[in-house]
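Reviewing the structure listed below.
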Amino acid sequence: MVIVVLELVGLAVFSASGALAAVRARLDLFGVVVLGLTTALGGGIIRDVLLGITPPTTLRAWPYLAVPIATALGVFAFHPQVARLRKAVLLLDAVGLGLFTVSGTATALAAGVPAYTACLIGMTSGIGGGAMRDLLLREIPLVLRREIYAVAALAGAVVVVAGARLGLPSVLVTAVGATLVVVIRLVALWRRWNAPVAPGLT
Amino acid sequence: MVIVVLELVGLAVFSASGALAAVRARLDLFGVVVLGLTTALGGGIIRDVLLGITPPTTLRAWPYLAVPIATALGVFAFHPQVARLRKAVLLLDAVGLGLFTVSGTATALAAGVPAYTACLIGMTSGIGGGAMRDLLLREIPLVLRREIYAVAALAGAVVVVAGARLGLPSVLVTAVGATLVVVIRLVALWRRWNAPVAPGLT
Amino acid sequence: MVIVVLELVGLAVFSASGALAAVRARLDLFGVVVLGLTTALGGGIIRDVLLGITPPTTLRAWPYLAVPIATALGVFAFHPQVARLRKAVLLLDAVGLGLFTVSGTATALAAGVPAYTACLIGMTSGIGGGAMRDLLLREIPLVLRREIYAVAALAGAVVVVAGARLGLPSVLVTAVGATLVVVIRLVALWRRWNAPVAPGLT
C-alpha cells in the first residue's frame with residue numbers, strides 16, 4: 001500500500017515536471033497533458049519493453065493514467081504557482097527518481113536478468129521519462145548534462161541489487177536505495193556538484 | 001479487402017507527408033525514402049512493440065513496405081507538384097489518421113487490453129508516425145502543437161472501444177470511428193480550432 | 001571467437017564515435033559514457049525489441065557493456081588524440097557498420113522473418129546506434145544526410161540474405177557482406193559520393 005502511494009506520488013511529480021516544461025514551450029492544453037503523461041510513464045514503458053513485459057504495466061491500470069493526467073491539468077491551470085514552488089518540485093523530482101529507480105531495478109531482478117543488467121534497466125527507468133520529455137521538446141536531455149543525476153540513480157540501483165544478493169529484506173533495501181538516490185541528488189543540487197567535462201576544452 | 005486498400009492508402013499518405021518534409025529539409029534520396037517509411041510505419045511499429053506483437057505486422061508483408069517506398073520516390077521526383085496539392089495532402093493525412101487510429105484501437109482490443117489502454121494505444125498508432133518524423137527532423141512534434149490533432153484521434157478510439165463494448169458490428173464501428181476523426185480534423189483545420197495554451201502566458 | 005572479437009571491436013568503435021560527439025557537445029563525464037553506450041548498443045537493442053528478443057542480448061553479457069564503457073572513458077581522457085585519428089575513426093566506423101549490419105541480418109533470419117524484413121532489421125541494426133546518438137545531441141541523424149551510409153548497410157544485408165537463400169556457408173557470406181559494406185562506405189568517403197537531393201531545390 002505504501003509502495004503504491006509512493007509510486008503514484010512519483011508519477012504525479014514527473015508528470016508535473018513534463019507539464020511545466022510543456023507550458024513553458026507554449027504547447028496547448030493537449031500537448032501539456034501528453035508531455036506530462038510521457039514524462040511520467042516513459043521510464044516504466046522503456047523498462048517493460050526491454051524486459052518483454054507487454055503491454056507495459058503502467059498502461060494496464062487506470063490510476064497510473066489518471067494521476068498524471070490530473071496533475072498535468074492542474075499544472076496547466078496553476079502553472080505560475082507551481083513554478084514558484086521550484087524547490088519543492090526539485091525535491092519531489094528527486095523522490096520520483098529514487099522511487100522509479102528502485103522499483104525498476106526490483107522489477108528487472110524479478111524478471112531474472114543479471115545484476116548489472118538490472119542496474120542499467122533500473123537506472124533507465126528512473127531517467128527515461130525525463131529524457132523523453134527533453135527529446136520531445138528538442139533539448140539535449142538534462143540528465144546527460146546536469147548535476148549528478150543519473151549517477152544518483154545508478155547508486156540506488158546498485159544498493160537494490162546488492163541487497164537482493166545478500167538476501168536482505170526487500171522493504172529495507174528499497175527504502176535505503178531510494179533514500180540514497182534522494183540524498184545524493186539533493187546534496188548535488190545544494191553543493192552544485194557536477195561531473196567534470198573533458199580536459200582541454202575551453 | 002476494402003480495409004486493406006484503405007490501410008495502404010493511409011501508408012501512402014503518411015509516407016508522402018514524411019517524404020515532403022524530408023525534401024524540404026534537403027535530405028538526399030535515401031533520407032527521403034527512410035523518412036517516408038518511418039512516418040508510414042512508425043505508429044504501427046510502436047503499437048506492436050507495446051502489445052508484444054513481434055516482429056511488427058507491417059514489417060512482415062511486402063506491400064506495407066513497397067507502397068510507402070514507391071510513394072516516397074514519387075514525392076522525391078515530383079515534390080513541387082505534391083506541395084501544390086496542399087489541401088489534398090491535408091485531407092489525405094486526416095484520412096490516414098482516422099484509419100490508423102481505428103485499426104490500432106481494434107488491434108489493441110483484440111490483444112485483450114483494457115478499454116482505456118486500447119484508446120491510448122490506438123491514439124498512439126495514429127499520431128506516432130508523425131511524431132517520429134518531426135523528431136528525426138529536429139522539430140517539436142506538430143501533434144503536440146497544432147490544431148486539434150491528437151484529440152481527433154482520441155475521439156475515434158473512444159468510438160471503437162464503445163462500439164466493441166456494445167457489441168455493434170465492427171465494420172460499422174470502424175467506419176463511424178474513422179469518419180469522426182476525419183470530420184473533427186477537417187473542421188478544426190477549416191475553423192482554425194486550436195486547444196488553448198496555458199493562462200497567463202504573454 | 002573471431003566473430004566475438006569483431007563484435008567487440010564494433011562496439012568499441014561505435015562507442016568512441018558517440019563519446020567523441022558528446023565531448024564536443026560539452027557533456028560531462030557521465031553524459032559521455034551514456035552516449036558512448038547508447039551509440040554502441042542502440043542498434044542491437046532496437047533489433048532485439050523488434051524481434052521480441054527480451055531482454056536484449058547486449059544487456060545480458062558484461063563484456064558488451066564493459067568494452068563500450070572503457071572506450072568512452074578513454075575518449076573522455078584522450079579526446080584530442082582521438083580526434084586527430086579522424087581517418088582511423090572513419091575506417092573503424094565503417095567496419096562497425098559492416099559488422100553490425102551482417103550480424104543483425106543473420107539474427108533476424110535466425111528468428112524466422114521474411115527476407116526483406118531481415119534486410120530492413122539488419123540495416124537498422126547497423127545505423128540505429130548512430131541515429132540515437134544524433135537524436136540525443138539534437139542533430140538531424142547523419143545517416144539521413146551524408147555520403148552513402150545506409151545504402152552501404154542495405155547492400156551488406158542483401159548479401160547476407162541472398163547467401164542464406166543459396167545455402168552458402170555463413171562464415172563466407174558474413175565476411176563478404178561485411179567487406180562489401182566497408183568497401184562501399186570507404187569508396188563513398190574517398191570519392192565524396194552522395195545520393196542526390198530532390199530536383200528543383202536551389
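Residue numbering restarts at 1 in every chain; chains get A, B, ... in the order shown in the C-alpha cells, and ligands count up from 1 in that same order.
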Give the residues of chain A that lie within 7 Å of chain B; count only C-alpha atoms, and format the answer as number ranges by chain. A: 23, 26-31, 49, 54-56, 59-60, 76-77, 136-138
Let's have the selection written as a CSV table (one decimal), in the first residue's frame, with all heavy atoms.
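Writing the result to selection.csv gives the following:
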chain,number,residue,atom,x,y,z
A,23,VAL,N,4.3,23.8,-20.7
A,23,VAL,CA,3.7,25.1,-20.6
A,23,VAL,C,4.6,26.2,-21.1
A,23,VAL,O,4.3,27.1,-21.8
A,23,VAL,CB,3.2,25.4,-19.2
A,23,VAL,CG1,2.9,26.8,-19.0
A,23,VAL,CG2,1.9,24.5,-18.9
A,26,ARG,N,5.1,26.7,-24.6
A,26,ARG,CA,3.8,27.2,-25.2
A,26,ARG,C,3.1,26.1,-25.9
A,26,ARG,O,2.4,26.4,-26.9
A,26,ARG,CB,4.1,28.3,-26.1
A,26,ARG,CG,4.9,29.5,-25.4
A,26,ARG,CD,4.9,30.7,-26.3
A,26,ARG,NE,3.6,31.2,-26.7
A,26,ARG,CZ,2.8,31.9,-25.8
A,26,ARG,NH1,3.2,32.2,-24.6
A,26,ARG,NH2,1.6,32.3,-26.2
A,27,LEU,N,3.2,24.8,-25.5
A,27,LEU,CA,2.3,23.8,-26.1
A,27,LEU,C,0.9,24.1,-25.6
A,27,LEU,O,0.6,24.7,-24.6
A,27,LEU,CB,2.7,22.4,-25.6
A,27,LEU,CG,4.1,22.0,-26.0
A,27,LEU,CD1,4.3,20.5,-25.8
A,27,LEU,CD2,4.4,22.3,-27.5
A,28,ASP,N,-0.1,23.5,-26.4
A,28,ASP,CA,-1.5,23.8,-26.0
A,28,ASP,C,-1.9,22.7,-24.9
A,28,ASP,O,-1.1,21.9,-24.5
A,28,ASP,CB,-2.4,23.7,-27.2
A,28,ASP,CG,-2.5,22.3,-27.9
A,28,ASP,OD1,-2.1,21.3,-27.2
A,28,ASP,OD2,-2.8,22.3,-29.0
A,29,LEU,N,-3.2,22.8,-24.5
A,29,LEU,CA,-3.7,22.0,-23.4
A,29,LEU,C,-3.4,20.5,-23.6
A,29,LEU,O,-2.9,19.8,-22.8
A,29,LEU,CB,-5.2,22.2,-23.3
A,29,LEU,CG,-5.9,21.3,-22.3
A,29,LEU,CD1,-5.4,21.4,-20.9
A,29,LEU,CD2,-7.4,21.6,-22.3
A,30,PHE,N,-3.6,20.1,-24.9
A,30,PHE,CA,-3.4,18.7,-25.1
A,30,PHE,C,-2.0,18.3,-25.1
A,30,PHE,O,-1.6,17.3,-24.6
A,30,PHE,CB,-4.1,18.3,-26.4
A,30,PHE,CG,-4.2,16.8,-26.5
A,30,PHE,CD1,-5.2,16.1,-25.9
A,30,PHE,CD2,-3.2,16.1,-27.1
A,30,PHE,CE1,-5.3,14.8,-26.0
A,30,PHE,CE2,-3.2,14.7,-27.1
A,30,PHE,CZ,-4.3,14.0,-26.6
A,31,GLY,N,-1.1,19.2,-25.7
A,31,GLY,CA,0.3,18.9,-25.6
A,31,GLY,C,0.8,18.8,-24.2
A,31,GLY,O,1.7,18.0,-23.9
A,49,VAL,N,9.3,-2.7,-22.0
A,49,VAL,CA,9.6,-3.2,-23.4
A,49,VAL,C,10.9,-3.9,-23.4
A,49,VAL,O,11.0,-5.0,-24.0
A,49,VAL,CB,9.6,-2.0,-24.4
A,49,VAL,CG1,10.2,-2.4,-25.7
A,49,VAL,CG2,8.2,-1.5,-24.6
A,54,THR,N,4.7,-7.0,-21.9
A,54,THR,CA,3.8,-6.3,-22.7
A,54,THR,C,2.3,-6.7,-22.5
A,54,THR,O,2.1,-7.9,-22.4
A,54,THR,CB,4.1,-6.5,-24.2
A,54,THR,OG1,4.2,-7.9,-24.5
A,54,THR,CG2,5.4,-5.8,-24.5
A,55,PRO,N,1.3,-5.8,-22.6
A,55,PRO,CA,1.5,-4.4,-22.6
A,55,PRO,C,2.2,-3.9,-21.3
A,55,PRO,O,2.0,-4.5,-20.3
A,55,PRO,CB,0.1,-3.8,-22.9
A,55,PRO,CG,-0.8,-4.8,-22.5
A,55,PRO,CD,-0.1,-6.1,-22.6
A,56,PRO,N,2.9,-2.8,-21.4
A,56,PRO,CA,3.6,-2.2,-20.2
A,56,PRO,C,2.6,-2.1,-19.0
A,56,PRO,O,1.4,-1.7,-19.2
A,56,PRO,CB,4.1,-0.9,-20.7
A,56,PRO,CG,4.3,-1.1,-22.1
A,56,PRO,CD,3.2,-1.9,-22.6
A,59,LEU,N,0.3,0.9,-18.5
A,59,LEU,CA,-0.8,1.1,-19.4
A,59,LEU,C,-2.0,0.2,-19.0
A,59,LEU,O,-3.1,0.3,-19.6
A,59,LEU,CB,-0.4,0.8,-20.8
A,59,LEU,CG,0.6,1.8,-21.4
A,59,LEU,CD1,0.9,1.4,-22.9
A,59,LEU,CD2,0.2,3.2,-21.3
A,60,ARG,N,-1.8,-0.6,-18.0
A,60,ARG,CA,-2.9,-1.6,-17.7
A,60,ARG,C,-3.7,-1.3,-16.4
A,60,ARG,O,-4.5,-2.1,-16.0
A,60,ARG,CB,-2.3,-3.0,-17.6
A,60,ARG,CG,-2.0,-3.6,-18.9
A,60,ARG,CD,-1.5,-5.0,-18.8
A,60,ARG,NE,-0.2,-4.9,-18.1
A,60,ARG,CZ,0.5,-6.0,-17.9
A,60,ARG,NH1,0.1,-7.2,-18.2
A,60,ARG,NH2,1.7,-5.9,-17.3
A,76,PHE,N,-1.4,23.0,-15.8
A,76,PHE,CA,-1.8,23.8,-16.9
A,76,PHE,C,-2.6,25.0,-16.3
A,76,PHE,O,-2.4,26.2,-16.7
A,76,PHE,CB,-2.7,23.0,-17.8
A,76,PHE,CG,-3.2,23.8,-19.0
A,76,PHE,CD1,-2.4,23.9,-20.1
A,76,PHE,CD2,-4.4,24.5,-19.0
A,76,PHE,CE1,-2.8,24.6,-21.3
A,76,PHE,CE2,-4.8,25.2,-20.1
A,76,PHE,CZ,-4.0,25.3,-21.3
A,77,ALA,N,-3.5,24.8,-15.3
A,77,ALA,CA,-4.3,25.8,-14.8
A,77,ALA,C,-3.5,26.7,-13.8
A,77,ALA,O,-3.7,27.9,-13.8
A,77,ALA,CB,-5.5,25.2,-14.0
A,136,LEU,N,11.4,15.3,-26.8
A,136,LEU,CA,10.2,15.9,-27.5
A,136,LEU,C,10.2,17.4,-27.5
A,136,LEU,O,9.6,18.0,-28.5
A,136,LEU,CB,8.9,15.4,-26.8
A,136,LEU,CG,8.6,13.9,-27.0
A,136,LEU,CD1,7.4,13.5,-26.1
A,136,LEU,CD2,8.1,13.7,-28.5
A,137,LEU,N,10.8,18.0,-26.6
A,137,LEU,CA,10.9,19.5,-26.6
A,137,LEU,C,12.2,20.0,-27.3
A,137,LEU,O,12.6,21.1,-27.2
A,137,LEU,CB,10.8,20.0,-25.2
A,137,LEU,CG,9.5,19.8,-24.5
A,137,LEU,CD1,9.5,20.3,-23.1
A,137,LEU,CD2,8.4,20.5,-25.3
A,138,ARG,N,12.9,19.0,-27.9
A,138,ARG,CA,14.1,19.4,-28.7
A,138,ARG,C,15.2,19.9,-27.9
A,138,ARG,O,15.9,20.9,-28.3
A,138,ARG,CB,13.6,20.4,-29.7
A,138,ARG,CG,14.1,20.1,-31.1
A,138,ARG,CD,13.6,21.1,-32.1
A,138,ARG,NE,13.8,22.5,-31.6
A,138,ARG,CZ,13.5,23.6,-32.3
A,138,ARG,NH1,12.9,23.5,-33.5
A,138,ARG,NH2,13.7,24.7,-31.8
Using only C-alpha atoms, determine which residues lie at most 8 Å from B:Val75, disregarding the query and same-chain residues fewer than 3 positions distant; provide the list as a count of residues only. 8
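The two atoms in question, atom CA of A:Cys119 and atom CA of A:Ala88, are spaced 27.7 Å apart.
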How far is it from atom CA of B:Gly96 to atom CA of B:Val159, in Å with one decimal?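 Going from atom CA of B:Gly96 over to atom CA of B:Val159 covers 16.8 Å.
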Computed interatomic separation between atom CA of C:Val102 and atom CA of C:Gly156 (Å):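 That distance, rounded to one decimal, is 6.5 Å.
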Residues at most 9 Å from C:Thr57, counting only C-alpha atoms, excluding those fewer than 6 positions away in the same chain, as a ChimeraX atom specification? /C:44-45,48,64
Shell of 10 Å around C:Val13, only C-alpha atoms, local chain residues under 6 positions omitted, as a PyMOL selection string: chain C and resi 7+19+36+39-40+67-68+71-72+88-97
Please report, as a short mmCIF file (atom, residue, chain, number, x, y, z; two decimals) with N, CA and C atoms, in the first residue's frame, each residue of stretch 63-183 of chain A to which DSSP assigns helix (DSSP H, G or I) when run on this structure's backbone.
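Done, and the output landed in result.cif:
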data_model
loop_
_atom_site.label_atom_id
_atom_site.label_comp_id
_atom_site.auth_asym_id
_atom_site.auth_seq_id
_atom_site.Cartn_x
_atom_site.Cartn_y
_atom_site.Cartn_z
N PRO A 63 -5.32 4.02 -12.47
CA PRO A 63 -4.76 5.11 -11.66
C PRO A 63 -3.41 5.61 -12.20
N TYR A 64 -2.67 4.70 -12.83
CA TYR A 64 -1.38 5.10 -13.40
C TYR A 64 -1.55 6.10 -14.54
N LEU A 65 -2.75 6.15 -15.12
CA LEU A 65 -3.02 7.15 -16.14
C LEU A 65 -3.72 8.37 -15.54
N ALA A 66 -4.66 8.12 -14.61
CA ALA A 66 -5.48 9.22 -14.08
C ALA A 66 -4.64 10.22 -13.29
N VAL A 67 -3.71 9.71 -12.50
CA VAL A 67 -2.92 10.61 -11.65
C VAL A 67 -2.05 11.56 -12.49
N PRO A 68 -1.28 11.05 -13.47
CA PRO A 68 -0.50 12.01 -14.28
C PRO A 68 -1.37 12.97 -15.08
N ILE A 69 -2.51 12.50 -15.59
CA ILE A 69 -3.37 13.39 -16.37
C ILE A 69 -3.92 14.51 -15.49
N ALA A 70 -4.43 14.14 -14.30
CA ALA A 70 -4.96 15.15 -13.40
C ALA A 70 -3.87 16.14 -12.99
N THR A 71 -2.66 15.63 -12.75
CA THR A 71 -1.56 16.51 -12.37
C THR A 71 -1.23 17.49 -13.49
N ALA A 72 -1.19 16.99 -14.71
CA ALA A 72 -0.86 17.86 -15.83
C ALA A 72 -1.92 18.95 -16.01
N LEU A 73 -3.19 18.57 -15.83
CA LEU A 73 -4.26 19.57 -15.93
C LEU A 73 -4.10 20.63 -14.85
N GLY A 74 -3.75 20.18 -13.65
CA GLY A 74 -3.54 21.14 -12.56
C GLY A 74 -2.40 22.10 -12.86
N VAL A 75 -1.31 21.57 -13.41
CA VAL A 75 -0.17 22.43 -13.76
C VAL A 75 -0.57 23.42 -14.84
N PHE A 76 -1.36 22.95 -15.81
CA PHE A 76 -1.83 23.84 -16.88
C PHE A 76 -2.58 25.03 -16.29
N ALA A 77 -3.45 24.75 -15.33
CA ALA A 77 -4.28 25.81 -14.76
C ALA A 77 -3.50 26.72 -13.81
N PHE A 78 -2.58 26.12 -13.05
CA PHE A 78 -1.93 26.88 -11.97
C PHE A 78 -0.42 26.99 -12.15
N HIS A 79 0.05 27.04 -13.41
CA HIS A 79 1.50 26.95 -13.61
C HIS A 79 2.31 28.05 -12.94
N PRO A 80 1.81 29.29 -12.79
CA PRO A 80 2.69 30.28 -12.12
C PRO A 80 2.95 29.87 -10.67
N GLN A 81 1.92 29.36 -10.00
CA GLN A 81 2.11 28.92 -8.62
C GLN A 81 3.07 27.73 -8.55
N VAL A 82 2.91 26.78 -9.49
CA VAL A 82 3.79 25.60 -9.48
C VAL A 82 5.24 26.03 -9.70
N ALA A 83 5.43 26.96 -10.64
CA ALA A 83 6.79 27.40 -10.96
C ALA A 83 7.43 28.07 -9.75
N ARG A 84 6.59 28.73 -8.92
CA ARG A 84 7.13 29.38 -7.73
C ARG A 84 7.59 28.35 -6.68
N ARG A 86 9.61 26.07 -6.95
CA ARG A 86 10.74 25.43 -7.60
C ARG A 86 11.47 24.44 -6.69
N LYS A 87 11.73 24.85 -5.46
CA LYS A 87 12.47 23.96 -4.56
C LYS A 87 11.68 22.70 -4.24
N ALA A 88 10.37 22.88 -4.03
CA ALA A 88 9.54 21.71 -3.75
C ALA A 88 9.52 20.76 -4.95
N VAL A 89 9.47 21.33 -6.16
CA VAL A 89 9.45 20.49 -7.36
C VAL A 89 10.76 19.71 -7.48
N LEU A 90 11.89 20.37 -7.21
CA LEU A 90 13.18 19.67 -7.29
C LEU A 90 13.25 18.54 -6.25
N LEU A 91 12.73 18.81 -5.05
CA LEU A 91 12.71 17.77 -4.02
C LEU A 91 11.87 16.58 -4.46
N LEU A 92 10.66 16.88 -4.95
CA LEU A 92 9.77 15.80 -5.37
C LEU A 92 10.34 15.06 -6.57
N ASP A 93 11.01 15.78 -7.46
CA ASP A 93 11.62 15.13 -8.61
C ASP A 93 12.69 14.15 -8.15
N ALA A 94 13.45 14.52 -7.12
CA ALA A 94 14.46 13.61 -6.58
C ALA A 94 13.79 12.38 -5.97
N VAL A 95 12.65 12.60 -5.29
CA VAL A 95 11.91 11.48 -4.72
C VAL A 95 11.42 10.55 -5.83
N GLY A 96 10.87 11.14 -6.90
CA GLY A 96 10.41 10.33 -8.03
C GLY A 96 11.54 9.53 -8.65
N LEU A 97 12.69 10.17 -8.82
CA LEU A 97 13.86 9.48 -9.37
C LEU A 97 14.22 8.27 -8.51
N GLY A 98 14.24 8.48 -7.19
CA GLY A 98 14.58 7.39 -6.29
C GLY A 98 13.59 6.25 -6.37
N LEU A 99 12.30 6.60 -6.35
CA LEU A 99 11.27 5.57 -6.36
C LEU A 99 11.28 4.77 -7.65
N PHE A 100 11.37 5.45 -8.79
CA PHE A 100 11.33 4.76 -10.07
C PHE A 100 12.57 3.91 -10.27
N THR A 101 13.70 4.40 -9.80
CA THR A 101 14.93 3.62 -9.97
C THR A 101 14.86 2.31 -9.17
N VAL A 102 14.46 2.40 -7.89
CA VAL A 102 14.43 1.16 -7.11
C VAL A 102 13.33 0.22 -7.59
N SER A 103 12.17 0.75 -7.96
CA SER A 103 11.12 -0.16 -8.42
C SER A 103 11.51 -0.76 -9.78
N GLY A 104 12.19 0.01 -10.62
CA GLY A 104 12.64 -0.53 -11.91
C GLY A 104 13.69 -1.61 -11.72
N THR A 105 14.62 -1.39 -10.80
CA THR A 105 15.65 -2.39 -10.55
C THR A 105 15.04 -3.67 -9.99
N ALA A 106 14.10 -3.52 -9.05
CA ALA A 106 13.46 -4.70 -8.47
C ALA A 106 12.67 -5.47 -9.53
N THR A 107 11.97 -4.74 -10.42
CA THR A 107 11.22 -5.41 -11.48
C THR A 107 12.16 -6.20 -12.39
N ALA A 108 13.31 -5.60 -12.72
CA ALA A 108 14.26 -6.28 -13.60
C ALA A 108 14.83 -7.52 -12.93
N LEU A 109 15.17 -7.41 -11.64
CA LEU A 109 15.68 -8.58 -10.92
C LEU A 109 14.63 -9.70 -10.91
N ALA A 110 13.37 -9.32 -10.66
CA ALA A 110 12.30 -10.31 -10.62
C ALA A 110 12.13 -11.00 -11.97
N ALA A 115 22.77 -9.13 -12.63
CA ALA A 115 22.82 -7.97 -11.73
C ALA A 115 23.11 -6.67 -12.47
N TYR A 116 24.13 -6.68 -13.35
CA TYR A 116 24.48 -5.42 -14.00
C TYR A 116 23.39 -4.98 -14.97
N THR A 117 22.67 -5.95 -15.57
CA THR A 117 21.54 -5.61 -16.42
C THR A 117 20.44 -4.94 -15.60
N ALA A 118 20.19 -5.47 -14.40
CA ALA A 118 19.16 -4.88 -13.54
C ALA A 118 19.52 -3.44 -13.17
N CYS A 119 20.82 -3.19 -12.91
CA CYS A 119 21.25 -1.82 -12.60
C CYS A 119 20.97 -0.89 -13.78
N LEU A 120 21.37 -1.32 -14.97
CA LEU A 120 21.17 -0.48 -16.16
C LEU A 120 19.69 -0.20 -16.40
N ILE A 121 18.87 -1.26 -16.29
CA ILE A 121 17.44 -1.09 -16.56
C ILE A 121 16.79 -0.25 -15.46
N GLY A 122 17.23 -0.43 -14.22
CA GLY A 122 16.69 0.39 -13.14
C GLY A 122 17.03 1.86 -13.34
N MET A 123 18.27 2.13 -13.69
CA MET A 123 18.68 3.50 -13.96
C MET A 123 17.86 4.09 -15.11
N THR A 124 17.67 3.29 -16.16
CA THR A 124 16.88 3.76 -17.30
C THR A 124 15.44 4.06 -16.90
N SER A 125 14.87 3.24 -16.00
CA SER A 125 13.51 3.52 -15.51
C SER A 125 13.45 4.88 -14.85
N GLY A 126 14.49 5.20 -14.09
CA GLY A 126 14.49 6.47 -13.36
C GLY A 126 14.66 7.67 -14.26
N ILE A 127 15.55 7.57 -15.25
CA ILE A 127 15.88 8.75 -16.05
C ILE A 127 15.18 8.79 -17.41
N GLY A 128 14.52 7.67 -17.80
CA GLY A 128 13.95 7.58 -19.15
C GLY A 128 12.86 8.60 -19.43
N GLY A 129 11.96 8.79 -18.47
CA GLY A 129 10.85 9.72 -18.70
C GLY A 129 11.34 11.14 -18.95
N GLY A 130 12.31 11.57 -18.13
CA GLY A 130 12.85 12.91 -18.31
C GLY A 130 13.58 13.06 -19.64
N ALA A 131 14.27 11.99 -20.06
CA ALA A 131 14.96 12.04 -21.35
C ALA A 131 13.95 12.18 -22.48
N MET A 132 12.83 11.44 -22.41
CA MET A 132 11.81 11.56 -23.46
C MET A 132 11.20 12.96 -23.46
N ARG A 133 10.95 13.52 -22.28
CA ARG A 133 10.43 14.89 -22.18
C ARG A 133 11.35 15.87 -22.93
N ASP A 134 12.66 15.76 -22.68
CA ASP A 134 13.59 16.70 -23.28
C ASP A 134 13.70 16.48 -24.79
N LEU A 135 13.69 15.20 -25.22
CA LEU A 135 13.76 14.92 -26.65
C LEU A 135 12.57 15.53 -27.38
N LEU A 136 11.36 15.35 -26.82
CA LEU A 136 10.16 15.86 -27.49
C LEU A 136 10.16 17.38 -27.54
N LEU A 142 18.54 16.75 -20.18
CA LEU A 142 19.14 17.32 -18.99
C LEU A 142 19.94 16.28 -18.23
N VAL A 143 19.45 15.04 -18.23
CA VAL A 143 20.14 14.00 -17.45
C VAL A 143 21.53 13.76 -17.99
N LEU A 144 21.80 14.15 -19.23
CA LEU A 144 23.14 13.97 -19.78
C LEU A 144 24.03 15.15 -19.42
N ALA A 150 22.02 10.96 -13.18
CA ALA A 150 21.99 9.53 -13.49
C ALA A 150 22.90 8.75 -12.54
N VAL A 151 23.98 9.38 -12.07
CA VAL A 151 24.87 8.69 -11.13
C VAL A 151 24.12 8.40 -9.83
N ALA A 152 23.28 9.33 -9.39
CA ALA A 152 22.48 9.09 -8.20
C ALA A 152 21.57 7.88 -8.41
N ALA A 153 20.95 7.82 -9.60
CA ALA A 153 20.09 6.67 -9.89
C ALA A 153 20.89 5.38 -9.87
N LEU A 154 22.07 5.41 -10.49
CA LEU A 154 22.89 4.21 -10.55
C LEU A 154 23.24 3.72 -9.14
N ALA A 155 23.56 4.66 -8.24
CA ALA A 155 23.90 4.27 -6.87
C ALA A 155 22.74 3.54 -6.21
N GLY A 156 21.53 4.06 -6.40
CA GLY A 156 20.36 3.41 -5.81
C GLY A 156 20.14 2.02 -6.39
N ALA A 157 20.34 1.88 -7.71
CA ALA A 157 20.16 0.57 -8.34
C ALA A 157 21.16 -0.43 -7.79
N VAL A 158 22.40 0.01 -7.57
CA VAL A 158 23.42 -0.89 -7.04
C VAL A 158 23.04 -1.36 -5.64
N VAL A 159 22.49 -0.46 -4.82
CA VAL A 159 22.05 -0.84 -3.47
C VAL A 159 20.98 -1.93 -3.54
N VAL A 160 20.02 -1.76 -4.44
CA VAL A 160 18.94 -2.75 -4.55
C VAL A 160 19.49 -4.11 -4.96
N VAL A 161 20.40 -4.11 -5.95
CA VAL A 161 20.96 -5.37 -6.43
C VAL A 161 21.81 -6.03 -5.34
N ALA A 162 22.63 -5.22 -4.65
CA ALA A 162 23.49 -5.77 -3.60
C ALA A 162 22.64 -6.33 -2.45
N GLY A 163 21.60 -5.60 -2.09
CA GLY A 163 20.72 -6.07 -1.03
C GLY A 163 20.06 -7.39 -1.37
N ALA A 164 19.62 -7.51 -2.64
CA ALA A 164 18.98 -8.76 -3.06
C ALA A 164 19.99 -9.91 -3.01
N ARG A 165 21.22 -9.66 -3.42
CA ARG A 165 22.27 -10.68 -3.37
C ARG A 165 22.52 -11.17 -1.94
N SER A 170 13.38 -6.97 1.37
CA SER A 170 13.26 -6.06 0.24
C SER A 170 12.72 -4.70 0.65
N VAL A 171 11.89 -4.66 1.70
CA VAL A 171 11.38 -3.35 2.15
C VAL A 171 12.55 -2.46 2.59
N LEU A 172 13.44 -3.06 3.37
CA LEU A 172 14.61 -2.32 3.87
C LEU A 172 15.48 -1.85 2.70
N VAL A 173 15.77 -2.79 1.79
CA VAL A 173 16.65 -2.48 0.67
C VAL A 173 16.06 -1.36 -0.19
N THR A 174 14.76 -1.47 -0.45
CA THR A 174 14.08 -0.46 -1.25
C THR A 174 14.16 0.92 -0.59
N ALA A 175 13.90 0.94 0.71
CA ALA A 175 13.92 2.22 1.42
C ALA A 175 15.31 2.83 1.40
N VAL A 176 16.33 2.00 1.68
CA VAL A 176 17.70 2.52 1.70
C VAL A 176 18.12 3.00 0.30
N GLY A 177 17.80 2.20 -0.73
CA GLY A 177 18.17 2.57 -2.10
C GLY A 177 17.54 3.88 -2.52
N ALA A 178 16.23 4.00 -2.30
CA ALA A 178 15.54 5.23 -2.71
C ALA A 178 16.06 6.43 -1.93
N THR A 179 16.29 6.23 -0.62
CA THR A 179 16.79 7.34 0.20
C THR A 179 18.17 7.79 -0.28
N LEU A 180 19.00 6.81 -0.63
CA LEU A 180 20.34 7.17 -1.11
C LEU A 180 20.26 8.03 -2.38
N VAL A 181 19.38 7.65 -3.30
CA VAL A 181 19.22 8.44 -4.53
C VAL A 181 18.83 9.88 -4.19
N VAL A 182 17.83 10.01 -3.31
CA VAL A 182 17.34 11.34 -2.95
C VAL A 182 18.44 12.17 -2.30
N VAL A 183 19.18 11.54 -1.38
CA VAL A 183 20.23 12.28 -0.66
C VAL A 183 21.33 12.73 -1.62
#
